[in-house]
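So this block is input.csv, CSV, N, CA and C atoms:
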chain,number,residue,atom,x,y,z
A,1,MET,N,-95.8,-177.1,1.0
A,1,MET,CA,-95.5,-175.8,0.6
A,1,MET,C,-96.2,-175.4,-0.7
A,2,ASP,N,-97.0,-174.4,-0.7
A,2,ASP,CA,-97.7,-173.9,-1.9
A,2,ASP,C,-97.0,-172.6,-2.3
A,3,MET,N,-96.3,-172.7,-3.4
A,3,MET,CA,-95.5,-171.5,-3.9
A,3,MET,C,-96.4,-170.4,-4.3
A,4,ASN,N,-97.7,-170.6,-4.5
A,4,ASN,CA,-98.7,-169.6,-4.8
A,4,ASN,C,-98.9,-168.7,-3.6
A,5,LEU,N,-98.6,-169.2,-2.4
A,5,LEU,CA,-98.8,-168.5,-1.2
A,5,LEU,C,-97.5,-167.6,-0.8
A,6,VAL,N,-96.5,-167.7,-1.6
A,6,VAL,CA,-95.3,-166.8,-1.3
A,6,VAL,C,-95.6,-165.4,-1.9
A,7,ASN,N,-95.6,-164.4,-1.1
A,7,ASN,CA,-95.8,-163.1,-1.5
A,7,ASN,C,-94.4,-162.4,-1.8
A,8,TRP,N,-94.1,-162.4,-3.1
A,8,TRP,CA,-92.7,-162.0,-3.5
A,8,TRP,C,-92.4,-160.5,-3.2
A,9,PRO,N,-93.4,-159.6,-3.3
A,9,PRO,CA,-93.1,-158.2,-2.8
A,9,PRO,C,-92.7,-158.2,-1.3
A,10,ALA,N,-93.5,-159.0,-0.5
A,10,ALA,CA,-93.2,-159.1,0.9
A,10,ALA,C,-91.8,-159.7,1.2
A,11,VAL,N,-91.4,-160.7,0.3
A,11,VAL,CA,-90.1,-161.3,0.4
A,11,VAL,C,-89.0,-160.2,0.2
A,12,VAL,N,-89.1,-159.4,-0.8
A,12,VAL,CA,-88.1,-158.3,-1.0
A,12,VAL,C,-88.1,-157.3,0.2
A,13,VAL,N,-89.3,-156.9,0.6
A,13,VAL,CA,-89.3,-155.9,1.7
A,13,VAL,C,-88.7,-156.5,3.0
A,14,ALA,N,-89.1,-157.8,3.3
A,14,ALA,CA,-88.6,-158.5,4.5
A,14,ALA,C,-87.1,-158.6,4.4
A,15,GLY,N,-86.6,-159.0,3.2
A,15,GLY,CA,-85.2,-159.1,3.0
A,15,GLY,C,-84.4,-157.8,3.2
A,16,LEU,N,-85.0,-156.8,2.6
A,16,LEU,CA,-84.3,-155.5,2.8
A,16,LEU,C,-84.5,-154.9,4.2
A,17,SER,N,-85.4,-155.4,4.9
A,17,SER,CA,-85.6,-154.9,6.3
A,17,SER,C,-84.3,-155.2,7.1
A,18,ALA,N,-83.5,-156.2,6.7
A,18,ALA,CA,-82.3,-156.5,7.4
A,18,ALA,C,-81.3,-155.3,7.3
A,19,PHE,N,-81.4,-154.5,6.3
A,19,PHE,CA,-80.6,-153.3,6.2
A,19,PHE,C,-80.9,-152.3,7.3
A,20,ALA,N,-82.2,-152.1,7.5
A,20,ALA,CA,-82.7,-151.1,8.5
A,20,ALA,C,-82.2,-151.6,9.9
A,21,ILE,N,-82.4,-152.9,10.2
A,21,ILE,CA,-81.9,-153.4,11.4
A,21,ILE,C,-80.4,-153.4,11.5
A,22,GLY,N,-79.7,-153.7,10.5
A,22,GLY,CA,-78.3,-153.7,10.5
A,22,GLY,C,-77.7,-152.3,10.7
A,23,GLY,N,-78.4,-151.3,10.1
A,23,GLY,CA,-78.0,-149.9,10.2
A,23,GLY,C,-78.0,-149.4,11.7
A,24,ILE,N,-79.1,-149.9,12.3
A,24,ILE,CA,-79.2,-149.5,13.8
A,24,ILE,C,-78.3,-150.4,14.6
A,25,TRP,N,-78.3,-151.7,14.4
A,25,TRP,CA,-77.6,-152.6,15.2
A,25,TRP,C,-76.1,-152.4,15.3
A,26,TYR,N,-75.5,-152.1,14.1
A,26,TYR,CA,-74.1,-151.9,13.9
A,26,TYR,C,-73.7,-150.4,13.9
A,27,SER,N,-74.6,-149.6,14.3
A,27,SER,CA,-74.3,-148.1,14.5
A,27,SER,C,-73.3,-148.0,15.7
A,28,HIS,N,-72.6,-146.8,15.7
A,28,HIS,CA,-71.7,-146.6,16.8
A,28,HIS,C,-72.5,-146.4,18.1
A,29,SER,N,-73.7,-145.9,18.0
A,29,SER,CA,-74.5,-145.7,19.2
A,29,SER,C,-75.0,-147.0,19.8
A,30,LEU,N,-75.0,-148.1,19.1
A,30,LEU,CA,-75.5,-149.4,19.6
A,30,LEU,C,-74.3,-150.3,19.8
A,31,PHE,N,-74.0,-151.2,18.8
A,31,PHE,CA,-73.0,-152.2,19.0
A,31,PHE,C,-71.8,-152.0,18.0
A,32,GLY,N,-71.8,-151.0,17.2
A,32,GLY,CA,-70.8,-150.8,16.2
A,32,GLY,C,-69.4,-150.7,16.7
A,33,LYS,N,-69.2,-150.0,17.7
A,33,LYS,CA,-67.8,-149.8,18.2
A,33,LYS,C,-67.3,-151.1,18.8
A,34,ALA,N,-68.1,-151.8,19.6
A,34,ALA,CA,-67.7,-153.1,20.2
A,34,ALA,C,-67.4,-154.1,19.1
A,35,TRP,N,-68.3,-154.1,18.0
A,35,TRP,CA,-68.2,-155.1,16.9
A,35,TRP,C,-66.9,-154.8,16.2
A,36,MET,N,-66.5,-153.5,16.0
A,36,MET,CA,-65.3,-153.2,15.3
A,36,MET,C,-64.1,-153.7,16.0
A,37,VAL,N,-64.1,-153.4,17.3
A,37,VAL,CA,-62.9,-153.9,18.2
A,37,VAL,C,-62.8,-155.4,18.1
A,38,ASP,N,-63.9,-156.1,18.3
A,38,ASP,CA,-63.9,-157.6,18.4
A,38,ASP,C,-63.6,-158.2,17.0
A,39,SER,N,-63.9,-157.4,15.9
A,39,SER,CA,-63.6,-157.9,14.6
A,39,SER,C,-62.2,-157.5,14.1
A,40,GLY,N,-61.5,-156.7,14.9
A,40,GLY,CA,-60.2,-156.3,14.5
A,40,GLY,C,-60.2,-155.3,13.3
A,41,LEU,N,-61.3,-154.5,13.3
A,41,LEU,CA,-61.4,-153.5,12.2
A,41,LEU,C,-61.2,-152.1,12.6
A,42,THR,N,-60.8,-151.3,11.7
A,42,THR,CA,-60.6,-149.9,12.0
A,42,THR,C,-61.5,-149.1,11.0
A,43,GLU,N,-61.8,-147.8,11.3
A,43,GLU,CA,-62.5,-147.0,10.4
A,43,GLU,C,-61.9,-146.9,9.0
A,44,GLU,N,-60.6,-146.8,9.0
A,44,GLU,CA,-59.9,-146.8,7.7
A,44,GLU,C,-60.1,-148.0,6.9
A,45,ARG,N,-60.0,-149.2,7.5
A,45,ARG,CA,-60.2,-150.4,6.8
A,45,ARG,C,-61.7,-150.6,6.3
A,46,ILE,N,-62.6,-150.2,7.1
A,46,ILE,CA,-64.0,-150.2,6.7
A,46,ILE,C,-64.3,-149.3,5.5
A,47,LYS,N,-63.7,-148.1,5.6
A,47,LYS,CA,-63.9,-147.1,4.5
A,47,LYS,C,-63.2,-147.6,3.2
A,48,ALA,N,-62.2,-148.4,3.3
A,48,ALA,CA,-61.5,-148.9,2.1
A,48,ALA,C,-62.2,-150.1,1.5
A,49,GLY,N,-63.2,-150.6,2.2
A,49,GLY,CA,-64.0,-151.8,1.7
A,49,GLY,C,-64.8,-151.4,0.4
A,50,ASN,N,-65.0,-152.4,-0.4
A,50,ASN,CA,-65.8,-152.2,-1.6
A,50,ASN,C,-67.3,-152.2,-1.2
A,51,LYS,N,-67.9,-151.0,-1.1
A,51,LYS,CA,-69.3,-150.8,-0.6
A,51,LYS,C,-70.3,-151.5,-1.6
A,52,GLY,N,-70.1,-151.4,-2.9
A,52,GLY,CA,-71.0,-152.0,-3.8
A,52,GLY,C,-71.0,-153.5,-3.6
A,53,LYS,N,-69.9,-154.1,-3.5
A,53,LYS,CA,-69.8,-155.6,-3.3
A,53,LYS,C,-70.4,-155.9,-2.0
A,54,ILE,N,-70.1,-155.2,-0.9
A,54,ILE,CA,-70.6,-155.5,0.4
A,54,ILE,C,-72.1,-155.4,0.5
A,55,PHE,N,-72.6,-154.2,0.1
A,55,PHE,CA,-74.1,-154.0,0.2
A,55,PHE,C,-74.8,-154.8,-0.9
A,56,GLY,N,-74.3,-155.0,-2.0
A,56,GLY,CA,-74.9,-155.7,-3.1
A,56,GLY,C,-75.1,-157.2,-2.7
A,57,PHE,N,-74.0,-157.8,-2.2
A,57,PHE,CA,-74.2,-159.2,-1.8
A,57,PHE,C,-75.0,-159.4,-0.5
A,58,THR,N,-74.9,-158.4,0.4
A,58,THR,CA,-75.7,-158.4,1.6
A,58,THR,C,-77.2,-158.4,1.2
A,59,ALA,N,-77.6,-157.5,0.3
A,59,ALA,CA,-79.0,-157.5,-0.2
A,59,ALA,C,-79.4,-158.8,-0.8
A,60,LEU,N,-78.5,-159.3,-1.7
A,60,LEU,CA,-78.8,-160.6,-2.3
A,60,LEU,C,-79.0,-161.7,-1.3
A,61,PHE,N,-78.1,-161.9,-0.4
A,61,PHE,CA,-78.2,-162.9,0.6
A,61,PHE,C,-79.4,-162.7,1.6
A,62,SER,N,-79.7,-161.5,1.9
A,62,SER,CA,-80.9,-161.2,2.7
A,62,SER,C,-82.2,-161.5,2.0
A,63,ILE,N,-82.3,-161.3,0.8
A,63,ILE,CA,-83.5,-161.6,0.0
A,63,ILE,C,-83.6,-163.2,-0.1
A,64,ILE,N,-82.4,-163.8,-0.3
A,64,ILE,CA,-82.4,-165.3,-0.4
A,64,ILE,C,-82.9,-165.9,1.0
A,65,MET,N,-82.4,-165.3,2.1
A,65,MET,CA,-82.9,-165.7,3.4
A,65,MET,C,-84.4,-165.5,3.6
A,66,SER,N,-84.8,-164.4,3.1
A,66,SER,CA,-86.3,-164.1,3.2
A,66,SER,C,-87.1,-165.0,2.4
A,67,ALA,N,-86.6,-165.3,1.2
A,67,ALA,CA,-87.3,-166.2,0.3
A,67,ALA,C,-87.4,-167.6,0.9
A,68,ASN,N,-86.3,-168.0,1.5
A,68,ASN,CA,-86.3,-169.3,2.1
A,68,ASN,C,-87.3,-169.4,3.3
A,69,LEU,N,-87.3,-168.4,4.1
A,69,LEU,CA,-88.2,-168.3,5.2
A,69,LEU,C,-89.7,-168.3,4.7
A,70,ALA,N,-89.9,-167.5,3.6
A,70,ALA,CA,-91.2,-167.4,3.0
A,70,ALA,C,-91.7,-168.8,2.5
A,71,MET,N,-90.8,-169.6,2.0
A,71,MET,CA,-91.2,-170.9,1.6
A,71,MET,C,-91.6,-171.8,2.7
A,72,PHE,N,-90.9,-171.7,3.9
A,72,PHE,CA,-91.3,-172.4,5.0
A,72,PHE,C,-92.7,-171.9,5.6
A,73,LEU,N,-93.0,-170.7,5.3
A,73,LEU,CA,-94.3,-170.1,5.8
A,73,LEU,C,-95.4,-170.1,4.8
A,74,ALA,N,-95.1,-170.8,3.6
A,74,ALA,CA,-96.1,-170.8,2.6
A,74,ALA,C,-97.3,-171.7,2.9
A,75,ASP,N,-98.1,-171.3,3.8
A,75,ASP,CA,-99.2,-172.1,4.3
A,75,ASP,C,-100.4,-171.1,4.6
A,76,ALA,N,-101.6,-171.4,4.2
A,76,ALA,CA,-102.7,-170.5,4.4
A,76,ALA,C,-102.9,-170.1,5.8
A,77,LYS,N,-102.5,-170.9,6.8
A,77,LYS,CA,-102.7,-170.7,8.2
A,77,LYS,C,-101.6,-169.7,8.8
A,78,THR,N,-100.6,-169.4,8.0
A,78,THR,CA,-99.6,-168.5,8.5
A,78,THR,C,-100.2,-167.1,8.8
A,79,ASP,N,-99.8,-166.6,9.9
A,79,ASP,CA,-100.2,-165.2,10.3
A,79,ASP,C,-99.0,-164.5,10.9
A,80,LEU,N,-99.3,-163.3,11.4
A,80,LEU,CA,-98.2,-162.5,12.0
A,80,LEU,C,-97.5,-163.2,13.1
A,81,ALA,N,-98.2,-163.8,14.0
A,81,ALA,CA,-97.6,-164.5,15.2
A,81,ALA,C,-96.8,-165.7,14.8
A,82,TRP,N,-97.3,-166.5,13.9
A,82,TRP,CA,-96.5,-167.6,13.4
A,82,TRP,C,-95.3,-167.2,12.6
A,83,GLY,N,-95.4,-166.1,11.8
A,83,GLY,CA,-94.3,-165.6,11.0
A,83,GLY,C,-93.2,-165.1,11.9
A,84,ALA,N,-93.6,-164.4,12.9
A,84,ALA,CA,-92.6,-163.9,13.9
A,84,ALA,C,-91.9,-165.0,14.6
A,85,THR,N,-92.7,-166.0,15.0
A,85,THR,CA,-92.2,-167.1,15.8
A,85,THR,C,-91.2,-167.9,14.9
A,86,ALA,N,-91.6,-168.2,13.7
A,86,ALA,CA,-90.7,-168.9,12.7
A,86,ALA,C,-89.5,-168.2,12.5
A,87,GLY,N,-89.6,-166.8,12.3
A,87,GLY,CA,-88.4,-166.0,12.1
A,87,GLY,C,-87.5,-166.1,13.3
A,88,PHE,N,-88.0,-166.0,14.5
A,88,PHE,CA,-87.2,-166.1,15.7
A,88,PHE,C,-86.5,-167.4,15.8
A,89,LEU,N,-87.2,-168.5,15.5
A,89,LEU,CA,-86.6,-169.8,15.5
A,89,LEU,C,-85.5,-170.0,14.5
A,90,ALA,N,-85.7,-169.4,13.3
A,90,ALA,CA,-84.7,-169.4,12.3
A,90,ALA,C,-83.5,-168.6,12.8
A,91,GLY,N,-83.7,-167.5,13.5
A,91,GLY,CA,-82.7,-166.7,14.1
A,91,GLY,C,-81.9,-167.5,15.1
A,92,VAL,N,-82.5,-168.3,15.9
A,92,VAL,CA,-81.9,-169.1,16.9
A,92,VAL,C,-81.0,-170.1,16.2
A,93,TRP,N,-81.5,-170.7,15.1
A,93,TRP,CA,-80.7,-171.7,14.3
A,93,TRP,C,-79.5,-171.0,13.8
A,94,THR,N,-79.7,-169.8,13.2
A,94,THR,CA,-78.5,-169.0,12.6
A,94,THR,C,-77.5,-168.6,13.7
A,95,PHE,N,-78.1,-168.2,14.9
A,95,PHE,CA,-77.2,-167.9,16.0
A,95,PHE,C,-76.3,-169.0,16.3
A,96,GLY,N,-76.8,-170.3,16.3
A,96,GLY,CA,-76.0,-171.4,16.6
A,96,GLY,C,-74.9,-171.6,15.6
A,97,ALA,N,-75.2,-171.4,14.3
A,97,ALA,CA,-74.2,-171.5,13.3
A,97,ALA,C,-73.1,-170.4,13.5
A,98,ILE,N,-73.5,-169.2,13.7
A,98,ILE,CA,-72.6,-168.1,14.0
A,98,ILE,C,-71.7,-168.4,15.2
A,99,ALA,N,-72.3,-168.9,16.2
A,99,ALA,CA,-71.5,-169.2,17.4
A,99,ALA,C,-70.5,-170.3,17.1
A,100,THR,N,-70.9,-171.4,16.4
A,100,THR,CA,-70.0,-172.5,16.1
A,100,THR,C,-68.8,-172.0,15.3
A,101,HIS,N,-69.1,-171.2,14.2
A,101,HIS,CA,-67.9,-170.7,13.4
A,101,HIS,C,-67.1,-169.8,14.2
A,102,SER,N,-67.7,-168.9,15.0
A,102,SER,CA,-67.0,-167.9,15.8
A,102,SER,C,-66.1,-168.5,16.8
A,103,LEU,N,-66.5,-169.6,17.5
A,103,LEU,CA,-65.7,-170.2,18.5
A,103,LEU,C,-64.4,-170.8,17.9
A,104,PHE,N,-64.6,-171.4,16.7
A,104,PHE,CA,-63.4,-171.9,16.0
A,104,PHE,C,-62.5,-170.8,15.5
A,105,GLU,N,-63.0,-169.6,15.3
A,105,GLU,CA,-62.2,-168.4,14.9
A,105,GLU,C,-61.7,-167.7,16.1
A,106,LEU,N,-61.9,-168.2,17.3
A,106,LEU,CA,-61.5,-167.6,18.5
A,106,LEU,C,-62.1,-166.2,18.8
A,107,LYS,N,-63.3,-166.0,18.4
A,107,LYS,CA,-64.0,-164.7,18.6
A,107,LYS,C,-64.5,-164.7,20.0
A,108,SER,N,-64.7,-163.5,20.5
A,108,SER,CA,-65.2,-163.3,21.9
A,108,SER,C,-66.7,-163.7,22.0
A,109,TRP,N,-67.2,-163.9,23.2
A,109,TRP,CA,-68.6,-164.1,23.4
A,109,TRP,C,-69.4,-162.9,23.0
A,110,ARG,N,-68.8,-161.7,23.3
A,110,ARG,CA,-69.4,-160.4,23.0
A,110,ARG,C,-69.6,-160.4,21.4
A,111,HIS,N,-68.6,-160.7,20.7
A,111,HIS,CA,-68.7,-160.7,19.2
A,111,HIS,C,-69.8,-161.7,18.8
A,112,ILE,N,-69.9,-162.9,19.4
A,112,ILE,CA,-70.9,-163.9,19.0
A,112,ILE,C,-72.3,-163.3,19.3
A,113,PHE,N,-72.5,-162.7,20.4
A,113,PHE,CA,-73.8,-162.2,20.8
A,113,PHE,C,-74.2,-161.0,19.9
A,114,ILE,N,-73.2,-160.2,19.5
A,114,ILE,CA,-73.5,-159.1,18.6
A,114,ILE,C,-74.0,-159.6,17.3
A,115,ASN,N,-73.2,-160.5,16.7
A,115,ASN,CA,-73.6,-161.0,15.4
A,115,ASN,C,-74.8,-161.9,15.4
A,116,GLY,N,-74.8,-162.8,16.4
A,116,GLY,CA,-76.0,-163.7,16.6
A,116,GLY,C,-77.2,-163.0,16.9
A,117,GLY,N,-77.1,-162.0,17.8
A,117,GLY,CA,-78.3,-161.2,18.2
A,117,GLY,C,-78.9,-160.5,17.0
A,118,TYR,N,-78.0,-159.9,16.1
A,118,TYR,CA,-78.5,-159.3,14.9
A,118,TYR,C,-79.3,-160.3,14.0
A,119,SER,N,-78.8,-161.5,13.9
A,119,SER,CA,-79.5,-162.5,13.2
A,119,SER,C,-80.9,-162.8,13.7
A,120,VAL,N,-80.9,-163.0,15.0
A,120,VAL,CA,-82.2,-163.3,15.7
A,120,VAL,C,-83.2,-162.2,15.4
A,121,VAL,N,-82.8,-160.9,15.7
A,121,VAL,CA,-83.7,-159.8,15.5
A,121,VAL,C,-84.1,-159.6,14.0
A,122,SER,N,-83.2,-159.7,13.1
A,122,SER,CA,-83.5,-159.4,11.7
A,122,SER,C,-84.4,-160.5,11.2
A,123,LEU,N,-84.1,-161.8,11.5
A,123,LEU,CA,-85.0,-162.9,11.0
A,123,LEU,C,-86.4,-162.8,11.7
A,124,THR,N,-86.5,-162.4,12.9
A,124,THR,CA,-87.8,-162.3,13.6
A,124,THR,C,-88.6,-161.2,12.8
A,125,LEU,N,-88.0,-160.1,12.5
A,125,LEU,CA,-88.6,-159.0,11.7
A,125,LEU,C,-89.0,-159.5,10.3
A,126,MET,N,-88.2,-160.3,9.7
A,126,MET,CA,-88.5,-160.8,8.4
A,126,MET,C,-89.7,-161.7,8.5
A,127,GLY,N,-89.8,-162.6,9.5
A,127,GLY,CA,-90.9,-163.5,9.7
A,127,GLY,C,-92.2,-162.7,10.0
A,128,LEU,N,-92.0,-161.7,10.8
A,128,LEU,CA,-93.2,-160.8,11.1
A,128,LEU,C,-93.8,-160.2,9.8
A,129,ILE,N,-92.9,-159.7,9.0
A,129,ILE,CA,-93.4,-159.0,7.7
A,129,ILE,C,-94.0,-160.1,6.8
A,130,LEU,N,-93.4,-161.2,6.7
A,130,LEU,CA,-93.9,-162.3,5.8
A,130,LEU,C,-95.3,-162.8,6.3
A,131,GLY,N,-95.4,-162.9,7.7
A,131,GLY,CA,-96.6,-163.4,8.2
A,131,GLY,C,-97.7,-162.4,8.2
A,132,ALA,N,-97.4,-161.2,8.3
A,132,ALA,CA,-98.4,-160.1,8.3
A,132,ALA,C,-98.9,-159.8,6.9
A,133,TRP,N,-98.0,-159.8,6.0
A,133,TRP,CA,-98.3,-159.4,4.6
A,133,TRP,C,-98.7,-160.6,3.8
A,134,ARG,N,-99.9,-161.1,4.0
A,134,ARG,CA,-100.4,-162.3,3.3
A,134,ARG,C,-101.2,-161.9,2.1

Represent the structure from my file as structure tokens, please.
Amino acid sequence: MDMNLVNWPAVVVAGLSAFAIGGIWYSHSLFGKAWMVDSGLTEERIKAGNKGKIFGFTALFSIIMSANLAMFLADAKTDLAWGATAGFLAGVWTFGAIATHSLFELKSWRHIFINGGYSVVSLTLMGLILGAWR
């Protein structure tokens, strides 16, 4: 790994891309309603949440995930295709972790696929951005 090959502006953009994906993925028109039901959440409970804490830590963790992926991709041969592939594989790995935790929490398969699917899609996009923006 050559840290000189990590493009830090790309890391930030790739990390924050998770917000765009999450906004679409968890919208009411896509998986938001099903996710709320399977999570046992109501609109009132979501509105009562500390948005600064939720979005602030989400941004931080997304950028950490992106930086971690960028370090794995810190090779002169990395391109868009390898970045997207590595992101997809990281998403599959994360999906496995989500599934494992969720099964012990007695979550439904639908809940697992909603959250795990978000992970696969968002990490694939992160990898694509990191691979393309060399």

**Request:** Calculate how many Å separate atom CA of Pro9 of chain A from atom CA of Phe72 of chain A, rounding to one decimal.
**Result:**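 Interatomic distance here is 16.3 Å.
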
**Request:** Find the residues near Leu30 of chain A: any atom within 12 Å, counting only C-alpha atoms, skip ones fewer than 6 places away on the same chain, and give them as JSON, numbers by chain.
**Result:** {"A": [21, 22, 23, 24, 36, 114, 118]}

Need the shell around Thr85 of chain A: protein/DNA/RNA residues with any atom at most 6.5 Å away, counting all atoms listed in the file. Skip same-chain ones fewer than 5 positions apart. Format as a PDB file with N, CA and C atoms, in the coordinates of the input?
ATOM      1  N   LEU A  80     -99.300-163.300  11.400  1.00  0.00           N
ATOM      2  CA  LEU A  80     -98.200-162.500  12.000  1.00  0.00           C
ATOM      3  C   LEU A  80     -97.500-163.200  13.100  1.00  0.00           C
ATOM      4  N   ALA A  90     -85.700-169.400  13.300  1.00  0.00           N
ATOM      5  CA  ALA A  90     -84.700-169.400  12.300  1.00  0.00           C
ATOM      6  C   ALA A  90     -83.500-168.600  12.800  1.00  0.00           C
ATOM      7  N   THR A 124     -86.500-162.400  12.900  1.00  0.00           N
ATOM      8  CA  THR A 124     -87.800-162.300  13.600  1.00  0.00           C
ATOM      9  C   THR A 124     -88.600-161.200  12.800  1.00  0.00           C
ATOM     10  N   GLY A 127     -89.800-162.600   9.500  1.00  0.00           N
ATOM     11  CA  GLY A 127     -90.900-163.500   9.700  1.00  0.00           C
ATOM     12  C   GLY A 127     -92.200-162.700  10.000  1.00  0.00           C
ATOM     13  N   LEU A 128     -92.000-161.700  10.800  1.00  0.00           N
ATOM     14  CA  LEU A 128     -93.200-160.800  11.100  1.00  0.00           C
ATOM     15  C   LEU A 128     -93.800-160.200   9.800  1.00  0.00           C
TER      16      LEU A 128
END

**Message:** Quick one: residues within 12 Å of Ala14 of chain A, only C-alpha atoms, excluding same-chain residues fewer than 5 positions away - as an MDAnalysis selection string?
**Reply:** chainID A and resid 7:9 19:21 59 61:70 83:84 87 122:133

**Prompt:** Which of these, A:Ala34, A:Lys51, A:Val120, A:Asn4, has the shortest distance to Leu89 of chain A once you count only N, CA and C atoms?
**Reply:**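 Nearest candidate to Leu89 of chain A out of A:Ala34, A:Lys51, A:Val120, A:Asn4: A:Val120.
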
**Request:** Point out the residue among A:Val121, A:Trp109, A:Arg134, A:Lys47 with the least atom-to-atom distance to Val11 of chain A, counting only C-alpha atoms.
**Result:** A:Arg134

**Message:** When you look at Ala74 of chain A with a cut-off of 8 Å (counting only C-alpha atoms), what residues show up, excluding the ones that are within fewer than 2 positions of it in the same chain? I need them as number ranges by chain.
**Reply:** A: 1-6, 70-72, 76, 78
